[in-house]
Each structure stands twice: as C-alpha cells, then as structure tokens.
Amino acid sequence: MKRLKYFLLCAICGLTSIGFSSCSDDPGAENYYTFKGEMMSDYITSRPQYSDFAYIVQQAGLMDILSAYGHYTCFLPSNDVVRAYLKKKGIASVESLTVAECDTIACTHLVGNMYATIEMNDGTLNTANMNKRYIQITHTTDSNQNPVVELNRMSHVIFEQKDDSVENGIVQPITVLLENSNSSIADIIKDNKKISMFYEGLVATGLKDSLIKIKDESYNGKIQSPYYYTSDFWHEIALAPDEKKYGYTVFVEPDSLLNLKLAERGISTSAGNIKALYDLACQLYDPVFKNDPDYQAAYGFDKITQRYNPLNMYIAYHILTRDVIGWNKLTPLELHQGIVDGAIGIKTDVMNPNDWYETLLPHTMMKLEQLTVRQYVGSGILGQRYVNRRVDSKYNVEGARVLPTVENEYTQDAPNGRYFYVTDIVAFDSDTQNKVMNDRIRMDFSTVFPEVMTMNIRLNGDPTKDDESGRADQTFKNGKNYYFPKGYLDHVTMKGNGTLVYRRPHWNFWSYEGDEFNLFGDYDFEFRLPPVPYEGEYQIRLGFCALPTRGVAQVYFDNKPQGIPVDMRKFLNDESILGNKFSTKTWSKMTDDEKAEDQKMLKNLGYYRGAYGGYHSGGSSINEFVDNYRTYRLVLCQVHINPKKDHFLRIRCTSSAKLGNNNEFMMDYLEIVPKSVYGVTEAGQMETDL
C-alpha cells in the first residue's frame, strides 16, 4: 500500500529539481497539493524514536515547511543515530546544539524533491539538499546482504524501512548521520594520504592557490526579476541563478599508480617526489611542446611555478574549471524510461556519449566519455566513464577510467568542487593532442559555459514532463529554465537588450540532449570559443532546429563578419537549399555512395544533416535528427585558428521583432572540426555521419 501510495503521489506531483536558496525558504503556496493525511512533520514528531531529530528540525525553524504541502525527501536519523553522532563530537545532548548547528544538520538531511530508492542512481542526487550540497549515491549491501543505497559513503537507507511515503514526500530512515566537509577542494585532497604526491605537486607549483574561490559575493540573484518569453508555441519563464559559485573538478592519480608509472619509465624518487613528477612531466610534454617559446622560457626544475613549465602544465591539466557535481554528470544525462535506455537524445548503441571541458591549463580541453558501444569496447568496461579515450576504426587510445568513489575514510567533495581517482596517467600529451582530439569536437552549449554546470543548471529537472504550453509554469515542479544577467558568465559579452536563456531538457524537443540555449530580443552576443588542440584550419558549425518563429542574425569570428546572415527560419527542403531533393530518399535507406554524395552536395552549400547519433523521443518512438529537414548543422565559418590565443564568436540580431517572432536564435550544439576531418575530397568518402 505504501508503494502504491508513493506512485500515486508521483503521478500527481511529478519529480522536481527545486533547490532552496536557504533552509527557511518556503516553496510557495502555488507549489502545494491538497491532501488529507500524514505530513512529513507528523511522521517525525509522532514517532518517539525520532524525537531528537524532531527537536533539531524544530530548532532550525523547518517544521512548518514540512507540515505544508510540497515534495520532500527526508533522510531520517533515529535517536540512536543522532546520539552516536553527538558522542563522536563530544556533545552531551541535542539540547546542547546551537541553532546554527541544528540548521546545518536538518538541512543536510532534507531535499526539496521526492526520491524513491529506485531513482537514486550512482553518482549524486540531481537536487541539492537544503544545505546546498549534493548527496553522493552508491549501491552496496547491508549485513543481511540486502541491496541498499549508500549516502556519502558513510550511511545507508535502511532496507526494511525505505520509501515510506507521506502526503508531501518520502521518508528514508538511515543508519549514520550525514556530514559534509566545509574545507576547500585543495584541503580535502590534502587530507587523503593516498594521493599525497599529487597534493605535493599542487603546492609546489602554486596551483593550490587557484582552488580557493567558492562564491562571487558581489552577485545577488534574488534581486533579479523573472524573464517571460515565448519559444515556438511554448510560453515559459526563466529565472536568474540565485548565486554564482566557483567550482573545480580534479582527476587524481593515486600514489600507487604514480609510483608504478614512474618505475615503468625509469624515473627515480630518490631526489624527492616533486623532482620525479617533474621528470615525468618532461617525458610527457617535451615531444609536444619542445619548440614552443613559452615552454622553453619556463623550462627547468627551478621554474615549476611558471604556467608553461612542464610540471605546472601536468598538474593544471588535471583540473577542470567547473564543478561537475557527480560521477554520473561527467557525461550526458542518463534516462532509463520508456524507450530511452541511456543518454538522453543520443543513440548509445552507435555513439559513446561524450563531453569536452576546458582545463586549468590554458587553451586545452579534456574529453570525458561513457563507454556504451560494444563494437569499440577495446579493453574498457561498458557503462564506465573515461578521460581522453578514443577507440574506433582509426585509433586505439584507451584513456584513463574515472572511479566513482574514493575510500570511505576520505571526503570526496567540497563546497567548491570534488575529485576523482583515475586508473592511468592524464596528460595533454601527443596521443591526446593528435589522436583523441584529432576529431570532430561536438559540444552541447550547456558545456561551453562552466557556470552552467557548477550551478547544476545543466540538464536539471524531469525531461519526461512538459509544462503547460498555454502559460508560464511558476511552480517549476518539472525543472527550471534560466537566464543569465550581464556579467554572470565569464568570457561572455551581451550588448543591447538581448537575453540569453537556458531551456531545461525535454525528451520530445528537437534538441541534442533535450536542452538548448536561446537568444531573445535585440541581442548582440559574444562568447569565447572553446580551445582547439593544434593550429590549423577549422570549421565552426552550429547544430539547431529551424522554426518559422525564429529570426535572422549575423555571425562574426574575432569580430569579422562571416558570410551572409543566418536565417533560422529556413528548412533544408527550402528552395534556396535542397528543395525537394532533401526528401527524395530518407537517409537510412541510402547506400553508402548515396550518403557520401548527399553529404558532399550539402557541404558545398555550407550545411550538414543533423547528427545521426542524435534523436528526440515522444515516449513511444525515436525520431532521428538526420532525417528531419529542421534539425541540421550550419557551417558558421571556416577559419584558421591559433591554439594559443582566445577566439570569439559573435552573434548579432539583424531581424526586427514582429508578432509571434521574438527574434529567437537557437544554440543547441557547437562543432569544432579540423580539416583532417571535414576535408574529405576523394569520391565515395565522407565524414562520419554520427
């Protein structure tokens, strides 16, 4: 009956991704549902075994919220669990806790979303707790060999008591009180004795000081007004982010791995760990950068604090300039519902889901990939995530596997980031530059701006649920759309009266991974392009869905106009492009020669079909981008790129707003393609259609 009641509640309420700006925030009367039954506050206060936690919640001023209609998960500690925590801390009783301590404990155990254990996948919960921290999820067994959900690697949901539903949420009794570290990411790395060599490198190079920032105190999202807009026929509302946090994700080789690799390379540690790491870095980076003037100027063991010193480069490349809030977030969102069994909007049987992220080493990126395609499994493990992997018909670079967790005695996450163990050396070496990244780099626009991931904006919400199209949904029960005030995104400039909006994912949107960015109004938008691996000629492409309600814009590369304005109202079957040639034969029914000819014909016009690896779902069918005349890729420019310089793409509105047309410019995904990939000229050959 409890499970039936829970699923009935889910059907009414839906899953949400609402985070609270503070523990005392009420989700709002419009977000309540009308029931007559036991509320979460009743559950906690009416059972004597939870009286200590009831006292803590009451002191924190949260009991009124839990007595209102909404949707919550409570990871509920019994009196025995609370008292074990107090004993460890040397605290006599709950009455000895300060109000601030009660607030922290209560907020750590409450989440503004409903989660049954079946919905808790390895990685982190998608919704932060009320303390604005993300609870790490792993799966293990209890003493009776029952499968249980483990929280922060220190506690687990009690199997016999899991998923106990109340009218406004779900109660999950737990075995150990949850705690979070308030130390910086650098300090929690310091505390792990199994990665002491990497930490020594952080300190010696001075890069430890780059991992201190937590929050931009000058930004206050609460003073920003909501933004209402229309996209196609959807009337929606976007909010400004509540705050601007800084974050870092660090991939670390354990000491045991480093010692093994040093020995294999004949490098001794007799002169100290730092000298050994420096020698390792020289072996990795000399073949790539020995002729680079900046590298030559910073060469030498006495110059390890300089940015282009080999050791400094080695350590910096391990660090992403964003907080990827969980192992499961390193690659596109997984969805296991309906006909979708894998990364949302990606055909995981033909293409490994992957993302590309900038690192702390200037002008470099790292590739993260989830292995899903059996054809290219190599020596890898299906379902696992890897750094800089490329195993296909052309190259065999296995990369480094990313481990989801570290040992239970160590903390893995901090307010400004987290770290992961890797199983092999991570470096921007020759294989990474010339093999892994000698490829089409496709980036969902939500990965271009680090803040979008650090703030857990990317892929938030429930993609299987739409909001009502007739009005803007102010409950945000299915997730939030966001807009970004001027100055919020680094390396981004917005002139004029334009607005940049992130639309949360929907599995039935014609959008890669289900989400998209849109420019509205009289926009003049410029952003820094992600870096390229080496100097040369590149195509910059934009993937999007054309609609009659979109607008026209001029594109600039480094402030130089590129071709004629982009008209987002044109479909591929427009007479000015392919006309009825587009629909002569569907792509899936073409021969290889016909596909090559089709690609060549489009390429000459500056277009490519939509990615074969991308699709959208209506819940019962898969609709491929490659066969739709609206979802295509447009070549914005073909330019020479110097990898050591910043380059910018500018998009300026050239159409006027009319009824039903918001001048919307859609940015779904970006492709940066080297000439080695797009420059196919021989008859019958073509660029990979994925």
# chains A, B, ... in the order shown; residues from 1 in each chain; ligands from 1
>>> select_by_dssp(residues="region 350-453 of chain A", states="strand (DSSP E or B)", output="number ranges by chain")
A: 354-359, 365-370, 385-387, 390-391, 396-397, 400-402, 413-414, 417-422, 441-444
>>> closest_residue(among="A:Asp292, A:Glu167, A:Glu526, A:Asp122", to="Pro643 (chain A)", atoms="only C-alpha atoms")
A:Asp292
>>> closest_atom_pairs(of="region 601-665 of chain A", to="region 582-592 of chain A", cutoff="12 Å", atoms="only C-alpha atoms", output="tab-separated table")
residue	atom	partner	partner_atom	distance
A:Met601	CA	A:Phe582	CA	10.5
A:Leu602	CA	A:Phe582	CA	9.7
A:Tyr608	CA	A:Phe582	CA	11.5
A:Arg609	CA	A:Trp587	CA	9.3
A:Gly610	CA	A:Trp587	CA	10.6
A:Ala611	CA	A:Trp587	CA	11.3
A:Tyr612	CA	A:Trp587	CA	9.2
A:Asn623	CA	A:Ser588	CA	11.9
A:Glu624	CA	A:Ser588	CA	9.7
A:Phe625	CA	A:Trp587	CA	10.3
A:Val626	CA	A:Trp587	CA	6.9
A:Asp627	CA	A:Trp587	CA	6.0
A:Asn628	CA	A:Thr586	CA	9.1
A:Tyr629	CA	A:Phe582	CA	7.4
A:Arg630	CA	A:Phe582	CA	11.1
A:Tyr632	CA	A:Phe582	CA	11.7
>>> closest_residue(among="A:Ile651, A:Val111, A:Val149, A:Leu207", to="Arg307 (chain A)", atoms="only C-alpha atoms")
A:Leu207
>>> atom_distance(atom1="CA of Gln337 (chain A)", atom2="CA of Glu119 (chain A)")
11.0 Å
>>> residues_around(residues="region 460-469 of chain A", least_positions_apart="3", cutoff="7 Å", atoms="only C-alpha atoms", output="number ranges by chain")
A: 15-17, 233-235, 456-457, 473, 478-480, 504-507
>>> write_last_selection(atoms="N, CA and C atoms", output="mmCIF file, in the first residue's frame")
data_model
loop_
_atom_site.group_PDB
_atom_site.id
_atom_site.type_symbol
_atom_site.label_atom_id
_atom_site.label_comp_id
_atom_site.auth_asym_id
_atom_site.auth_seq_id
_atom_site.Cartn_x
_atom_site.Cartn_y
_atom_site.Cartn_z
ATOM 1 N N LEU A 15 8.277 14.632 -10.570
ATOM 2 C CA LEU A 15 9.594 14.854 -9.975
ATOM 3 C C LEU A 15 10.022 16.282 -10.224
ATOM 4 N N THR A 16 10.724 16.875 -9.273
ATOM 5 C CA THR A 16 11.152 18.254 -9.409
ATOM 6 C C THR A 16 12.635 18.362 -9.216
ATOM 7 N N SER A 17 13.152 19.530 -9.544
ATOM 8 C CA SER A 17 14.564 19.813 -9.292
ATOM 9 C C SER A 17 14.697 21.143 -8.604
ATOM 10 N N PHE A 233 5.534 27.711 -29.648
ATOM 11 C CA PHE A 233 4.245 27.987 -29.002
ATOM 12 C C PHE A 233 4.332 27.841 -27.483
ATOM 13 N N TRP A 234 5.550 27.634 -26.953
ATOM 14 C CA TRP A 234 5.723 27.426 -25.514
ATOM 15 C C TRP A 234 5.877 28.762 -24.797
ATOM 16 N N HIS A 235 4.991 29.025 -23.862
ATOM 17 C CA HIS A 235 5.095 30.216 -23.023
ATOM 18 C C HIS A 235 5.791 29.813 -21.728
ATOM 19 N N ASN A 456 24.696 23.465 -11.377
ATOM 20 C CA ASN A 456 23.767 22.361 -11.631
ATOM 21 C C ASN A 456 22.536 22.805 -12.410
ATOM 22 N N ILE A 457 22.744 23.730 -13.329
ATOM 23 C CA ILE A 457 21.674 24.182 -14.215
ATOM 24 C C ILE A 457 21.521 23.210 -15.382
ATOM 25 N N ASP A 473 4.805 28.266 -16.345
ATOM 26 C CA ASP A 473 4.668 27.495 -15.109
ATOM 27 C C ASP A 473 5.566 28.093 -14.033
ATOM 28 N N ASN A 478 8.712 20.688 -12.632
ATOM 29 C CA ASN A 478 9.396 19.778 -13.548
ATOM 30 C C ASN A 478 10.810 20.222 -13.880
ATOM 31 N N GLY A 479 11.270 21.312 -13.264
ATOM 32 C CA GLY A 479 12.598 21.838 -13.538
ATOM 33 C C GLY A 479 12.535 23.313 -13.870
ATOM 34 N N LYS A 480 13.687 23.930 -13.978
ATOM 35 C CA LYS A 480 13.753 25.373 -14.181
ATOM 36 C C LYS A 480 14.475 25.732 -15.473
ATOM 37 N N ARG A 504 15.514 24.051 -20.018
ATOM 38 C CA ARG A 504 15.774 22.730 -19.438
ATOM 39 C C ARG A 504 15.415 21.624 -20.433
ATOM 40 N N PRO A 505 15.919 20.417 -20.220
ATOM 41 C CA PRO A 505 15.702 19.347 -21.208
ATOM 42 C C PRO A 505 14.278 18.800 -21.233
ATOM 43 N N HIS A 506 13.823 18.485 -22.437
ATOM 44 C CA HIS A 506 12.575 17.778 -22.693
ATOM 45 C C HIS A 506 12.900 16.676 -23.697
ATOM 46 N N TRP A 507 12.490 15.477 -23.439
ATOM 47 C CA TRP A 507 12.861 14.401 -24.355
ATOM 48 C C TRP A 507 12.135 14.495 -25.685
#
>>> select_by_dssp(residues="region 393-494 of chain A", states="helix (DSSP H, G or I)", output="list in words")
Ser430, Asp431, Thr432, Gln433, Asn434, Lys435, Val436, Phe445, Ser446, Thr447, Pro450, Glu451, Val452, Met453 and Thr454 of chain A
>>> residues_around(residues="region 163-165 of chain A", least_positions_apart="5", cutoff="6 Å", atoms="only C-alpha atoms", output="JSON, numbers by chain")
{"A": [6, 116, 170, 171, 172]}
>>> write_last_selection(atoms="C-alpha atoms", output="PDB file, in the first residue's frame")
ATOM      1  CA  TYR A   6       4.006   6.657  -3.391  1.00  0.00           C
ATOM      2  CA  ALA A 116      12.487   6.728  -4.008  1.00  0.00           C
ATOM      3  CA  ILE A 170       9.175  10.288   1.080  1.00  0.00           C
ATOM      4  CA  VAL A 171      10.955   9.288   4.289  1.00  0.00           C
ATOM      5  CA  GLN A 172      14.199   7.322   4.053  1.00  0.00           C
TER       6      GLN A 172
END
>>> residues_around(residues="Ser620 (chain A)", least_positions_apart="4", cutoff="10 Å", atoms="only C-alpha atoms", output="list in words")
Gly338, Ile339 and Val340 of chain A
>>> write_last_selection(atoms="N, CA and C atoms", output="PDB file, in the first residue's frame")
ATOM      1  N   GLY A 338      10.615   4.546 -20.543  1.00  0.00           N
ATOM      2  CA  GLY A 338      10.003   4.381 -21.860  1.00  0.00           C
ATOM      3  C   GLY A 338      10.945   3.646 -22.796  1.00  0.00           C
ATOM      4  N   ILE A 339      11.143   4.189 -23.983  1.00  0.00           N
ATOM      5  CA  ILE A 339      12.039   3.547 -24.950  1.00  0.00           C
ATOM      6  C   ILE A 339      13.464   4.049 -24.810  1.00  0.00           C
ATOM      7  N   VAL A 340      13.692   4.993 -23.914  1.00  0.00           N
ATOM      8  CA  VAL A 340      15.024   5.564 -23.741  1.00  0.00           C
ATOM      9  C   VAL A 340      15.767   4.784 -22.672  1.00  0.00           C
TER      10      VAL A 340
END
>>> closest_residue(among="A:His640, A:Asp103, A:Ile381, A:Gly487", to="Ser218 (chain A)", atoms="only C-alpha atoms")
A:Gly487
>>> residues_around(residues="Asp668 (chain A)", least_positions_apart="3", cutoff="12 Å", atoms="only C-alpha atoms", output="ChimeraX atom specification")
/A:442-448,501-505,509-519,541-546,610-611,614,631-634,665,671
>>> write_last_selection(atoms="C-alpha atoms", output="mmCIF file, in the first residue's frame")
data_model
loop_
_atom_site.group_PDB
_atom_site.id
_atom_site.type_symbol
_atom_site.label_atom_id
_atom_site.label_comp_id
_atom_site.auth_asym_id
_atom_site.auth_seq_id
_atom_site.Cartn_x
_atom_site.Cartn_y
_atom_site.Cartn_z
ATOM 1 C CA ARG A 442 30.863 18.355 -30.562
ATOM 2 C CA MET A 443 29.805 20.327 -27.501
ATOM 3 C CA ASP A 444 26.312 20.787 -26.188
ATOM 4 C CA PHE A 445 26.101 24.525 -25.471
ATOM 5 C CA SER A 446 25.406 23.778 -21.811
ATOM 6 C CA THR A 447 29.027 22.596 -21.531
ATOM 7 C CA VAL A 448 30.569 25.690 -23.145
ATOM 8 C CA VAL A 501 18.050 31.733 -21.870
ATOM 9 C CA TYR A 502 18.796 28.107 -20.999
ATOM 10 C CA ARG A 503 15.786 25.849 -21.577
ATOM 11 C CA ARG A 504 15.774 22.730 -19.438
ATOM 12 C CA PRO A 505 15.702 19.347 -21.208
ATOM 13 C CA PHE A 509 12.224 18.649 -28.042
ATOM 14 C CA TRP A 510 14.192 18.687 -31.277
ATOM 15 C CA SER A 511 17.323 19.426 -29.251
ATOM 16 C CA TYR A 512 20.551 17.487 -28.802
ATOM 17 C CA GLU A 513 20.404 16.088 -25.240
ATOM 18 C CA GLY A 514 16.956 17.682 -24.944
ATOM 19 C CA ASP A 515 18.103 21.139 -23.818
ATOM 20 C CA GLU A 516 19.062 24.328 -25.650
ATOM 21 C CA PHE A 517 20.161 27.948 -25.381
ATOM 22 C CA ASN A 518 18.162 30.743 -26.978
ATOM 23 C CA LEU A 519 18.843 34.409 -27.616
ATOM 24 C CA ARG A 541 29.339 24.584 -37.057
ATOM 25 C CA LEU A 542 26.090 25.219 -35.261
ATOM 26 C CA GLY A 543 23.527 22.484 -34.692
ATOM 27 C CA PHE A 544 19.944 23.709 -34.232
ATOM 28 C CA CYS A 545 16.303 23.227 -35.119
ATOM 29 C CA ALA A 546 14.843 25.667 -37.653
ATOM 30 C CA GLY A 610 21.539 16.561 -38.329
ATOM 31 C CA ALA A 611 23.752 14.187 -36.405
ATOM 32 C CA GLY A 614 21.074 12.402 -32.161
ATOM 33 C CA THR A 631 17.446 19.676 -37.429
ATOM 34 C CA TYR A 632 20.623 20.358 -39.323
ATOM 35 C CA ARG A 633 24.115 21.739 -38.901
ATOM 36 C CA LEU A 634 25.193 25.008 -40.432
ATOM 37 C CA PHE A 665 18.293 32.486 -32.159
ATOM 38 C CA GLU A 671 31.017 21.644 -33.535
#
>>> atom_distance(atom1="CA of Ser617 (chain A)", atom2="CA of Met455 (chain A)")
26.9 Å
>>> residues_around(residues="region 271-285 of chain A", least_positions_apart="4", cutoff="12 Å", atoms="only C-alpha atoms", output="VMD selection string")
chain A and resid 195 to 205 253 255 258 to 267 289 to 292 295 to 296 298 to 305 308 to 317 425 to 433
>>> atom_distance(atom1="CA of Arg385 (chain A)", atom2="CA of Asp355 (chain A)")
10.8 Å
>>> closest_residue(among="A:Gln59, A:Ser67, A:Ser183, A:Asn434", to="Val99 (chain A)", atoms="only C-alpha atoms")
A:Gln59
>>> closest_residue(among="A:Phe557, A:Phe53, A:Phe525, A:Tyr534", to="Val82 (chain A)", atoms="only C-alpha atoms")
A:Phe53
>>> closest_residue(among="A:Leu690, A:Leu330, A:Ala92, A:Ile188", to="Glu409 (chain A)", atoms="only C-alpha atoms")
A:Ile188
